[in-house]
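Listing of work.pdb, PDB, C-alpha atoms
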ATOM      1  CA  MET A 262     119.770  76.978  71.165
ATOM      2  CA  ALA A 263     118.261  79.006  74.042
ATOM      3  CA  LYS A 264     115.087  80.942  73.286
ATOM      4  CA  LYS A 265     115.752  84.661  72.893
ATOM      5  CA  ARG A 266     114.533  86.966  75.665
ATOM      6  CA  ASP A 267     113.019  90.423  75.246
ATOM      7  CA  LEU A 268     112.442  93.191  77.769
ATOM      8  CA  LEU A 269     109.273  94.999  76.714
ATOM      9  CA  SER A 270     107.826  95.630  80.168
ATOM     10  CA  ILE A 271     108.613  94.853  83.812
ATOM     11  CA  THR A 272     106.227  91.885  83.622
ATOM     12  CA  ASP A 273     108.832  90.111  81.450
ATOM     13  CA  LEU A 274     111.022  89.756  84.561
ATOM     14  CA  THR A 275     110.551  87.784  87.777
ATOM     15  CA  ALA A 276     111.331  89.399  91.141
ATOM     16  CA  GLU A 277     114.471  87.222  91.288
ATOM     17  CA  GLU A 278     115.588  88.401  87.839
ATOM     18  CA  ILE A 279     115.059  92.023  88.869
ATOM     19  CA  SER A 280     117.245  91.446  91.946
ATOM     20  CA  GLY A 281     119.878  89.861  89.696
ATOM     21  CA  ILE A 282     119.879  92.879  87.354
ATOM     22  CA  LEU A 283     120.219  95.264  90.326
ATOM     23  CA  GLU A 284     123.138  93.215  91.682
ATOM     24  CA  ALA A 285     124.810  93.143  88.255
ATOM     25  CA  GLY A 286     124.292  96.910  87.909
ATOM     26  CA  LYS A 287     126.060  97.421  91.237
ATOM     27  CA  GLU A 288     129.054  95.380  90.043
ATOM     28  CA  LEU A 289     129.175  97.144  86.678
ATOM     29  CA  LYS A 290     129.074 100.539  88.369
ATOM     30  CA  LYS A 291     131.853  99.567  90.788
ATOM     31  CA  ASP A 292     134.271  98.096  88.242
ATOM     32  CA  LYS A 293     133.806  99.236  84.642
ATOM     33  CA  ALA A 294     137.138  97.790  83.436
ATOM     34  CA  LYS A 295     136.289  94.260  84.572
ATOM     35  CA  TYR A 296     133.492  94.006  81.982
ATOM     36  CA  ALA A 297     135.262  95.843  79.130
ATOM     37  CA  ASP A 298     135.251  92.797  76.806
ATOM     38  CA  SER A 299     131.984  91.188  77.952
ATOM     39  CA  LEU A 300     130.142  91.881  74.679
ATOM     40  CA  LYS A 301     133.161  92.063  72.362
ATOM     41  CA  GLY A 302     132.086  91.567  68.749
ATOM     42  CA  LYS A 303     128.381  92.137  69.566
ATOM     43  CA  SER A 304     126.292  94.973  68.177
ATOM     44  CA  ILE A 305     122.924  96.581  68.874
ATOM     45  CA  GLY A 306     120.691  98.847  66.803
ATOM     46  CA  LEU A 307     118.853 101.778  68.420
ATOM     47  CA  ILE A 308     115.593 102.217  66.487
ATOM     48  CA  PHE A 309     114.260 105.556  67.710
ATOM     49  CA  GLN A 310     111.035 107.209  66.531
ATOM     50  CA  LYS A 311     111.341 109.833  69.308
ATOM     51  CA  PRO A 312     114.137 112.220  70.280
ATOM     52  CA  SER A 313     116.291 111.119  73.213
ATOM     53  CA  ASN A 314     119.054 112.263  75.527
ATOM     54  CA  ARG A 315     119.525 109.721  78.368
ATOM     55  CA  THR A 316     118.225 106.613  76.576
ATOM     56  CA  ARG A 317     120.341 107.058  73.478
ATOM     57  CA  VAL A 318     123.593 108.099  75.157
ATOM     58  CA  SER A 319     123.364 105.546  77.991
ATOM     59  CA  PHE A 320     122.736 102.625  75.613
ATOM     60  CA  GLU A 321     125.359 103.725  73.074
ATOM     61  CA  ILE A 322     128.114 104.382  75.603
ATOM     62  CA  GLY A 323     127.076 101.427  77.765
ATOM     63  CA  MET A 324     127.475  99.091  74.805
ATOM     64  CA  VAL A 325     130.901 100.579  73.989
ATOM     65  CA  GLN A 326     131.979 100.120  77.621
ATOM     66  CA  LEU A 327     131.065  96.423  77.322
ATOM     67  CA  GLY A 328     133.286  96.075  74.264
ATOM     68  CA  GLY A 329     130.443  96.086  71.740
ATOM     69  CA  TYR A 330     129.101  98.498  69.143
ATOM     70  CA  ALA A 331     125.863 100.473  68.885
ATOM     71  CA  ILE A 332     124.335 102.049  65.790
ATOM     72  CA  TYR A 333     121.692 104.773  66.006
ATOM     73  CA  LEU A 334     118.789 104.481  63.566
ATOM     74  CA  GLY A 335     116.608 107.572  63.902
ATOM     75  CA  PRO A 336     113.253 108.289  62.217
ATOM     76  CA  SER A 337     114.909 109.691  59.086
ATOM     77  CA  GLU A 338     116.997 106.534  58.567
ATOM     78  CA  ILE A 339     114.264 103.892  58.771
ATOM     79  CA  GLY A 340     110.783 105.386  59.025
ATOM     80  CA  MET A 341     109.610 102.165  60.700
ATOM     81  CA  GLY A 342     105.900 101.569  60.178
ATOM     82  CA  GLY A 343     105.808 104.128  57.342
ATOM     83  CA  ARG A 344     108.585 103.817  54.778
ATOM     84  CA  GLU A 345     109.160 100.211  55.821
ATOM     85  CA  SER A 346     106.972  97.760  57.737
ATOM     86  CA  VAL A 347     107.882  96.803  61.310
ATOM     87  CA  LYS A 348     108.082  93.161  60.206
ATOM     88  CA  ASP A 349     110.620  93.873  57.443
ATOM     89  CA  VAL A 350     112.714  96.088  59.724
ATOM     90  CA  ALA A 351     112.785  93.353  62.384
ATOM     91  CA  LYS A 352     113.692  90.565  60.010
ATOM     92  CA  VAL A 353     116.407  92.487  58.159
ATOM     93  CA  LEU A 354     118.090  93.997  61.235
ATOM     94  CA  SER A 355     118.099  90.583  62.943
ATOM     95  CA  ARG A 356     120.471  89.462  60.163
ATOM     96  CA  TYR A 357     122.926  92.270  60.947
ATOM     97  CA  LEU A 358     122.710  92.844  64.700
ATOM     98  CA  ASP A 359     122.737  90.944  68.005
ATOM     99  CA  GLY A 360     120.026  93.026  69.659
ATOM    100  CA  LEU A 361     117.604  95.916  69.164
ATOM    101  CA  VAL A 362     116.549  98.801  71.410
ATOM    102  CA  ALA A 363     113.287 100.447  70.355
ATOM    103  CA  ARG A 364     111.942 103.875  71.335
ATOM    104  CA  THR A 365     108.479 104.076  69.819
ATOM    105  CA  TYR A 366     105.260 106.052  69.994
ATOM    106  CA  LYS A 367     103.064 102.929  70.022
ATOM    107  CA  HIS A 368     103.780  99.991  72.318
ATOM    108  CA  GLY A 369     102.283  97.762  69.622
ATOM    109  CA  ASP A 370     105.204  98.614  67.315
ATOM    110  CA  THR A 371     107.671  97.447  69.977
ATOM    111  CA  GLU A 372     105.694  94.231  70.446
ATOM    112  CA  ASP A 373     105.644  93.632  66.679
ATOM    113  CA  LEU A 374     109.373  94.277  66.472
ATOM    114  CA  ALA A 375     109.960  91.647  69.176
ATOM    115  CA  ARG A 376     107.527  89.232  67.511
ATOM    116  CA  TYR A 377     109.385  89.254  64.175
ATOM    117  CA  ALA A 378     112.976  89.822  65.351
ATOM    118  CA  THR A 379     115.127  86.769  65.980
ATOM    119  CA  VAL A 380     117.388  88.788  68.332
ATOM    120  CA  PRO A 381     116.496  90.256  71.763
ATOM    121  CA  VAL A 382     114.470  93.482  71.778
ATOM    122  CA  VAL A 383     114.598  96.020  74.621
ATOM    123  CA  ASN A 384     111.905  98.650  75.093
ATOM    124  CA  GLY A 385     113.706 102.005  75.360
ATOM    125  CA  LEU A 386     110.308 103.708  75.875
ATOM    126  CA  SER A 387     106.832 103.302  74.409
ATOM    127  CA  ASP A 388     103.497 104.946  75.180
ATOM    128  CA  PHE A 389     102.738 102.089  77.602
ATOM    129  CA  ALA A 390     106.015 101.262  79.352
ATOM    130  CA  HIS A 391     109.523 102.435  80.229
ATOM    131  CA  PRO A 392     111.061  99.382  81.945
ATOM    132  CA  CYS A 393     114.710 100.538  81.830
ATOM    133  CA  GLN A 394     113.742 103.749  83.622
ATOM    134  CA  ALA A 395     111.883 101.855  86.356
ATOM    135  CA  LEU A 396     114.782  99.425  86.887
ATOM    136  CA  SER A 397     117.196 102.367  87.181
ATOM    137  CA  ASP A 398     114.830 104.079  89.635
ATOM    138  CA  ILE A 399     114.584 101.129  92.022
ATOM    139  CA  PHE A 400     118.352 100.607  91.682
ATOM    140  CA  THR A 401     118.830 104.234  92.808
ATOM    141  CA  ILE A 402     116.445 103.706  95.753
ATOM    142  CA  LYS A 403     118.307 100.545  96.850
ATOM    143  CA  GLU A 404     121.594 102.430  96.532
ATOM    144  CA  LYS A 405     120.349 105.242  98.796
ATOM    145  CA  PHE A 406     118.447 103.220 101.425
ATOM    146  CA  GLY A 407     120.159  99.824 101.263
ATOM    147  CA  THR A 408     116.739  98.120 101.364
ATOM    148  CA  PHE A 409     113.191  98.301 100.034
ATOM    149  CA  LYS A 410     111.615  97.105 103.271
ATOM    150  CA  GLY A 411     109.543  99.750 105.020
ATOM    151  CA  ILE A 412     110.341 102.418 102.388
ATOM    152  CA  THR A 413     107.492 104.392 100.807
ATOM    153  CA  LEU A 414     107.714 105.921  97.333
ATOM    154  CA  SER A 415     105.070 108.531  96.513
ATOM    155  CA  TYR A 416     104.451 109.265  92.846
ATOM    156  CA  ILE A 417     102.579 112.529  92.308
ATOM    157  CA  GLY A 418     101.568 113.535  88.788
ATOM    158  CA  ASP A 419     100.574 112.015  85.468
ATOM    159  CA  ALA A 420      99.662 108.327  85.095
ATOM    160  CA  ASN A 421     101.980 107.713  82.163
ATOM    161  CA  ASN A 422     104.332 105.040  80.799
ATOM    162  CA  VAL A 423     106.911 105.736  83.529
ATOM    163  CA  LEU A 424     104.317 105.154  86.256
ATOM    164  CA  ASN A 425     103.058 101.941  84.594
ATOM    165  CA  SER A 426     106.562 100.470  84.844
ATOM    166  CA  LEU A 427     107.469 102.037  88.192
ATOM    167  CA  MET A 428     104.452 100.731  90.108
ATOM    168  CA  CYS A 429     104.940  97.244  88.685
ATOM    169  CA  ALA A 430     108.654  97.237  89.598
ATOM    170  CA  ALA A 431     107.936  98.562  93.108
ATOM    171  CA  ALA A 432     105.198  95.987  93.658
ATOM    172  CA  LYS A 433     107.450  93.134  92.496
ATOM    173  CA  ILE A 434     110.353  93.959  94.791
ATOM    174  CA  GLY A 435     108.334  94.873  97.904
ATOM    175  CA  LEU A 436     108.590  98.682  97.836
ATOM    176  CA  ASN A 437     105.521 100.523  99.166
ATOM    177  CA  ILE A 438     104.071 102.945  96.626
ATOM    178  CA  LYS A 439     101.427 105.677  96.878
ATOM    179  CA  ILE A 440     100.103 107.197  93.658
ATOM    180  CA  ALA A 441      98.321 110.548  93.407
ATOM    181  CA  THR A 442      96.909 111.654  90.063
ATOM    182  CA  PRO A 443      94.254 114.256  89.186
ATOM    183  CA  LYS A 444      90.689 112.992  88.741
ATOM    184  CA  GLY A 445      90.251 111.742  85.200
ATOM    185  CA  TYR A 446      93.938 110.831  84.929
ATOM    186  CA  ASP A 447      93.837 107.487  86.725
ATOM    187  CA  PRO A 448      96.458 104.849  85.859
ATOM    188  CA  LEU A 449      95.563 102.252  83.208
ATOM    189  CA  LYS A 450      93.494  99.388  84.624
ATOM    190  CA  LYS A 451      95.780  96.819  82.955
ATOM    191  CA  ALA A 452      98.856  98.272  84.717
ATOM    192  CA  VAL A 453      97.014  98.657  88.051
ATOM    193  CA  ASP A 454      95.755  95.057  88.032
ATOM    194  CA  THR A 455      99.276  93.753  87.361
ATOM    195  CA  ALA A 456     100.795  95.935  90.101
ATOM    196  CA  LYS A 457      98.138  94.903  92.645
ATOM    197  CA  LYS A 458      98.721  91.226  91.885
ATOM    198  CA  CYS A 459     102.507  91.637  92.322
ATOM    199  CA  ALA A 460     102.019  93.651  95.538
ATOM    200  CA  ALA A 461      99.863  90.874  96.982
ATOM    201  CA  GLU A 462     102.696  88.408  96.343
ATOM    202  CA  SER A 463     105.529  90.605  97.675
ATOM    203  CA  GLY A 464     103.677  92.222 100.573
ATOM    204  CA  ALA A 465     104.220  95.748  99.211
ATOM    205  CA  GLY A 466     101.633  98.397 100.020
ATOM    206  CA  ILE A 467      99.991 100.090  97.031
ATOM    207  CA  GLU A 468      97.544 103.000  97.319
ATOM    208  CA  PHE A 469      95.779 105.196  94.769
ATOM    209  CA  MET A 470      94.436 108.682  95.500
ATOM    210  CA  HIS A 471      93.723 112.122  94.050
ATOM    211  CA  GLU A 472      95.231 114.274  96.834
ATOM    212  CA  PRO A 473      98.935 115.181  96.445
ATOM    213  CA  GLU A 474      99.199 116.250 100.105
ATOM    214  CA  ALA A 475      97.929 112.854 101.299
ATOM    215  CA  ALA A 476     100.461 111.085  99.070
ATOM    216  CA  ALA A 477     103.320 113.243 100.358
ATOM    217  CA  LYS A 478     102.633 112.435 104.020
ATOM    218  CA  GLY A 479     104.980 109.705 105.243
ATOM    219  CA  ALA A 480     106.901 109.566 101.948
ATOM    220  CA  ASP A 481     110.592 108.602 101.909
ATOM    221  CA  ILE A 482     110.820 109.429  98.197
ATOM    222  CA  ILE A 483     108.678 111.775  96.112
ATOM    223  CA  TYR A 484     108.723 111.147  92.367
ATOM    224  CA  THR A 485     107.187 113.172  89.560
ATOM    225  CA  ASP A 486     107.328 113.460  85.782
ATOM    226  CA  VAL A 487     106.214 115.958  83.149
ATOM    227  CA  TRP A 488     102.503 116.703  82.837
ATOM    228  CA  VAL A 489     102.662 116.884  79.037
ATOM    229  CA  SER A 490     104.580 114.027  77.421
ATOM    230  CA  MET A 491     105.813 113.789  73.817
ATOM    231  CA  GLY A 492     102.806 113.438  71.533
ATOM    232  CA  GLN A 493     100.414 115.199  73.997
ATOM    233  CA  GLU A 494     101.296 118.782  73.050
ATOM    234  CA  LYS A 495      97.742 119.516  71.818
ATOM    235  CA  GLU A 496      96.414 118.765  75.334
ATOM    236  CA  SER A 497      98.913 121.128  76.951
ATOM    237  CA  GLU A 498      96.519 123.900  77.988
ATOM    238  CA  LYS A 499      93.926 121.538  79.479
ATOM    239  CA  ARG A 500      96.552 119.472  81.298
ATOM    240  CA  MET A 501      98.166 122.539  82.888
ATOM    241  CA  LYS A 502      94.762 123.427  84.406
ATOM    242  CA  ASP A 503      93.923 119.866  85.467
ATOM    243  CA  PHE A 504      97.289 119.347  87.186
ATOM    244  CA  ASN A 505      97.041 122.556  89.195
ATOM    245  CA  GLY A 506      98.008 121.677  92.800
ATOM    246  CA  PHE A 507     100.163 118.714  91.793
ATOM    247  CA  GLN A 508     103.449 120.623  91.616
ATOM    248  CA  ILE A 509     106.286 119.250  93.763
ATOM    249  CA  ASN A 510     107.319 122.342  95.710
ATOM    250  CA  ASP A 511     108.586 123.293  99.189
ATOM    251  CA  HIS A 512     105.066 122.996 100.662
ATOM    252  CA  ILE A 513     104.678 119.389  99.445
ATOM    253  CA  MET A 514     108.196 118.463 100.619
ATOM    254  CA  LYS A 515     107.448 119.723 104.148
ATOM    255  CA  LEU A 516     104.660 117.113 104.403
ATOM    256  CA  ALA A 517     107.015 114.229 103.609
ATOM    257  CA  ASN A 518     109.420 112.452 105.961
ATOM    258  CA  LYS A 519     112.597 114.277 106.974
ATOM    259  CA  ASN A 520     115.344 113.905 104.328
ATOM    260  CA  CYS A 521     112.769 112.643 101.784
ATOM    261  CA  LEU A 522     114.493 112.087  98.424
ATOM    262  CA  VAL A 523     113.285 113.722  95.206
ATOM    263  CA  MET A 524     113.164 111.795  91.923
ATOM    264  CA  HIS A 525     112.341 112.802  88.345
ATOM    265  CA  CYS A 526     113.114 110.770  85.223
ATOM    266  CA  LEU A 527     113.902 113.941  83.190
ATOM    267  CA  PRO A 528     113.516 115.945  81.043
ATOM    268  CA  ALA A 529     111.896 118.232  83.631
ATOM    269  CA  HIS A 530     109.687 121.207  82.895
ATOM    270  CA  ARG A 531     110.991 123.349  85.739
ATOM    271  CA  GLY A 532     108.315 125.575  87.220
ATOM    272  CA  ASP A 533     105.518 123.267  86.062
ATOM    273  CA  GLU A 534     105.552 119.842  87.771
ATOM    274  CA  ILE A 535     108.559 120.689  89.978
ATOM    275  CA  THR A 536     110.196 123.873  91.267
ATOM    276  CA  ASP A 537     113.889 124.749  90.992
ATOM    277  CA  SER A 538     114.120 124.834  94.789
ATOM    278  CA  VAL A 539     113.148 121.138  94.957
ATOM    279  CA  ILE A 540     114.917 119.675  91.923
ATOM    280  CA  ASP A 541     118.141 121.499  92.838
ATOM    281  CA  SER A 542     117.922 120.700  96.560
ATOM    282  CA  LYS A 543     120.388 118.467  98.449
ATOM    283  CA  ASN A 544     117.672 115.776  98.603
ATOM    284  CA  SER A 545     117.358 115.560  94.824
ATOM    285  CA  VAL A 546     118.818 112.403  93.257
ATOM    286  CA  VAL A 547     117.724 113.098  89.669
ATOM    287  CA  TYR A 548     121.254 113.046  88.253
ATOM    288  CA  ASP A 549     122.052 109.805  90.096
ATOM    289  CA  GLN A 550     118.939 108.336  88.478
ATOM    290  CA  ALA A 551     120.128 109.526  85.068
ATOM    291  CA  GLU A 552     123.604 108.053  85.548
ATOM    292  CA  ASN A 553     122.200 104.759  86.775
ATOM    293  CA  ARG A 554     120.329 104.286  83.505
ATOM    294  CA  MET A 555     123.661 103.317  81.944
ATOM    295  CA  HIS A 556     124.717 100.856  84.653
ATOM    296  CA  ILE A 557     121.355  99.076  84.715
ATOM    297  CA  GLN A 558     121.026  98.958  80.920
ATOM    298  CA  LYS A 559     124.490  97.401  80.738
ATOM    299  CA  ALA A 560     123.223  94.739  83.152
ATOM    300  CA  VAL A 561     120.157  94.202  80.913
ATOM    301  CA  LEU A 562     122.333  93.929  77.786
ATOM    302  CA  LEU A 563     124.585  91.375  79.486
ATOM    303  CA  LYS A 564     121.555  89.334  80.552
ATOM    304  CA  LEU A 565     119.977  89.295  77.096
ATOM    305  CA  LEU A 566     122.977  89.214  74.751
ATOM    306  CA  ARG A 567     125.579  87.118  76.513
TER     307      ARG A 567
END
For the structure just supplied, provide its representation as structure tokens.
Amino acid sequence: MAKKRDLLSITDLTAEEISGILEAGKELKKDKAKYADSLKGKSIGLIFQKPSNRTRVSFEIGMVQLGGYAIYLGPSEIGMGGRESVKDVAKVLSRYLDGLVARTYKHGDTEDLARYATVPVVNGLSDFAHPCQALSDIFTIKEKFGTFKGITLSYIGDANNVLNSLMCAAAKIGLNIKIATPKGYDPLKKAVDTAKKCAAESGAGIEFMHEPEAAAKGADIIYTDVWVSMGQEKESEKRMKDFNGFQINDHIMKLANKNCLVMHCLPAHRGDEITDSVIDSKNSVVYDQAENRMHIQKAVLLKLLR
């Protein structure tokens, strides 16, 4: 019997496997009907400690479109790590289901779930990583540009879980990435070291800075995310001050390359990290990104469950 595979972070995939998932996502997007029975009789459980729009709906509907079934298990149903230990949840649900998708506060809970589960576990977001988002993002970039070669993605904002996954994915597939964060909000060393190592192998450029204007210059894509993530609400006032000057607005966009695309993983706090004029502009691909979550996650489910 083949050893089960998990997707907890981008490091779980080789560059070749990432390319395979992107190719599969393209096929799934093009011809939904062709794969309608691919996971017939299979089921996944969505263990969510955090609220969700895109992650929940895209996994649930994606699984249905593949002929399978998804069950949502929110915090009130399980209380994983509180009412019931992660180990017990993993072992019991492995008896019922063919796979698990976890959306947790602590990455350690997702790792424990994968350690004790005998079925594949997919990270639907943790405080450290958001691999499905990053895969969908690079899929969207490939869709728009047709290549990663010579393309520069500039991420301006908070060094969070999305960035940890995005810079690793970019580095693995040869996409140049520039990262601008406020002083004191540098990306995690662990994530940076991994991304630098991958960039050295792929030939991708990777730069870190504290000046949003410098990051915007020469950018083909500008990407941002919220400044205050779930669980950081108490830091809200301080963060709003510290991120002053990091808003993606018309001034920043004028510094980028002509027809520079705008990306945001959503939900967006309009007027904070991004203005309406930018997120609603013709160069914004935020809704394409959101849609592509479903196509790429279907490709991930096929890879792990079939």
Report task. Skip Glu404 (chain A) itself and residues of its chain fewer than 2 positions away, then list as number ranges by chain all residues within 12 Å of it, counting all atoms listed in the file. Result -> A: 283-284, 286-287, 290, 397-402, 406-409, 546, 549-550, 553
Could you write out the selected residues, including C-alpha atoms, as a PDB file, keeping the file's coordinate frame?
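Full text of out_27.pdb as output:
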ATOM      1  CA  LEU A 283     120.219  95.264  90.326  1.00  0.00           C
ATOM      2  CA  GLU A 284     123.138  93.215  91.682  1.00  0.00           C
ATOM      3  CA  GLY A 286     124.292  96.910  87.909  1.00  0.00           C
ATOM      4  CA  LYS A 287     126.060  97.421  91.237  1.00  0.00           C
ATOM      5  CA  LYS A 290     129.074 100.539  88.369  1.00  0.00           C
ATOM      6  CA  SER A 397     117.196 102.367  87.181  1.00  0.00           C
ATOM      7  CA  ASP A 398     114.830 104.079  89.635  1.00  0.00           C
ATOM      8  CA  ILE A 399     114.584 101.129  92.022  1.00  0.00           C
ATOM      9  CA  PHE A 400     118.352 100.607  91.682  1.00  0.00           C
ATOM     10  CA  THR A 401     118.830 104.234  92.808  1.00  0.00           C
ATOM     11  CA  ILE A 402     116.445 103.706  95.753  1.00  0.00           C
ATOM     12  CA  PHE A 406     118.447 103.220 101.425  1.00  0.00           C
ATOM     13  CA  GLY A 407     120.159  99.824 101.263  1.00  0.00           C
ATOM     14  CA  THR A 408     116.739  98.120 101.364  1.00  0.00           C
ATOM     15  CA  PHE A 409     113.191  98.301 100.034  1.00  0.00           C
ATOM     16  CA  VAL A 546     118.818 112.403  93.257  1.00  0.00           C
ATOM     17  CA  ASP A 549     122.052 109.805  90.096  1.00  0.00           C
ATOM     18  CA  GLN A 550     118.939 108.336  88.478  1.00  0.00           C
ATOM     19  CA  ASN A 553     122.200 104.759  86.775  1.00  0.00           C
TER      20      ASN A 553
END
Query - Spatial neighbours of Arg531 (chain A), max dist 10 Å, only C-alpha atoms, sep filter under 4 positions, as a ChimeraX atom specification - result: /A:487,508,535-540
Query raised in the report: Which residues, protein or nucleic acid, reach to within 8 Å of (114.2, 103.3, 62.6) in the file's coordinates when using all atoms listed in the file, and can you give that as a ChimeraX atom specification?
Result: /A:307-310,334-341,350
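When the distance limit is 9 Å and all atoms listed in the file are what count, the residues near region 273-281 of chain A, minus those fewer than 3 positions from it on the same chain, are A:Arg266, A:Asp267, A:Leu268, A:Leu269, A:Ser270, A:Glu284, A:Ala285, A:Gly286, A:Leu396, A:Ala430, A:Lys433, A:Ile434, A:Ser463, A:Ala560.
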Report task. Tell me, in Å to one decimal, how far CA of Leu358 (chain A) is from CA of Pro392 (chain A). Result -> 21.8 Å
Report task. Kindly provide, as JSON, numbers by chain, the polymer residues lying within 10 Å of (106.3, 92.1, 97.3), counting only C-alpha atoms and using the coordinates exactly as they appear in the file. Result -> {"A": [276, 409, 410, 430, 431, 432, 433, 434, 435, 436, 437, 456, 457, 458, 459, 460, 461, 462, 463, 464, 465, 466]}
List every residue of region 354-467 of chain A that has an atom at most 12 Å from any atom of region 475-485 of chain A, giving for each one its closest atom pair and the distance in Å to one decimal, counting only C-alpha atoms, sorted by chain and then by ascending residue number, as CSV.
residue,atom,partner,partner_atom,distance
A:Ala395,CA,A:Tyr484,CA,11.5
A:Asp398,CA,A:Tyr484,CA,9.7
A:Ile399,CA,A:Ile482,CA,11.0
A:Thr401,CA,A:Ile482,CA,11.0
A:Ile402,CA,A:Ile482,CA,8.4
A:Lys403,CA,A:Ile482,CA,11.7
A:Lys405,CA,A:Ile482,CA,10.4
A:Phe406,CA,A:Asp481,CA,9.5
A:Phe409,CA,A:Asp481,CA,10.8
A:Lys410,CA,A:Asp481,CA,11.6
A:Gly411,CA,A:Asp481,CA,9.4
A:Ile412,CA,A:Asp481,CA,6.2
A:Thr413,CA,A:Ala480,CA,5.3
A:Leu414,CA,A:Ile482,CA,4.8
A:Ser415,CA,A:Ile483,CA,4.9
A:Tyr416,CA,A:Tyr484,CA,4.7
A:Ile417,CA,A:Thr485,CA,5.4
A:Gly418,CA,A:Thr485,CA,5.7
A:Asp419,CA,A:Thr485,CA,7.9
A:Ala420,CA,A:Thr485,CA,10.0
A:Asn421,CA,A:Thr485,CA,10.6
A:Val423,CA,A:Thr485,CA,9.6
A:Leu424,CA,A:Thr485,CA,9.1
A:Leu427,CA,A:Tyr484,CA,10.1
A:Met428,CA,A:Tyr484,CA,11.5
A:Leu436,CA,A:Asp481,CA,10.9
A:Asn437,CA,A:Ala480,CA,9.6
A:Ile438,CA,A:Ala480,CA,9.0
A:Lys439,CA,A:Ala476,CA,5.9
A:Ile440,CA,A:Ala476,CA,6.7
A:Ala441,CA,A:Ala476,CA,6.1
A:Thr442,CA,A:Ala476,CA,9.7
A:Ile467,CA,A:Ala476,CA,11.2
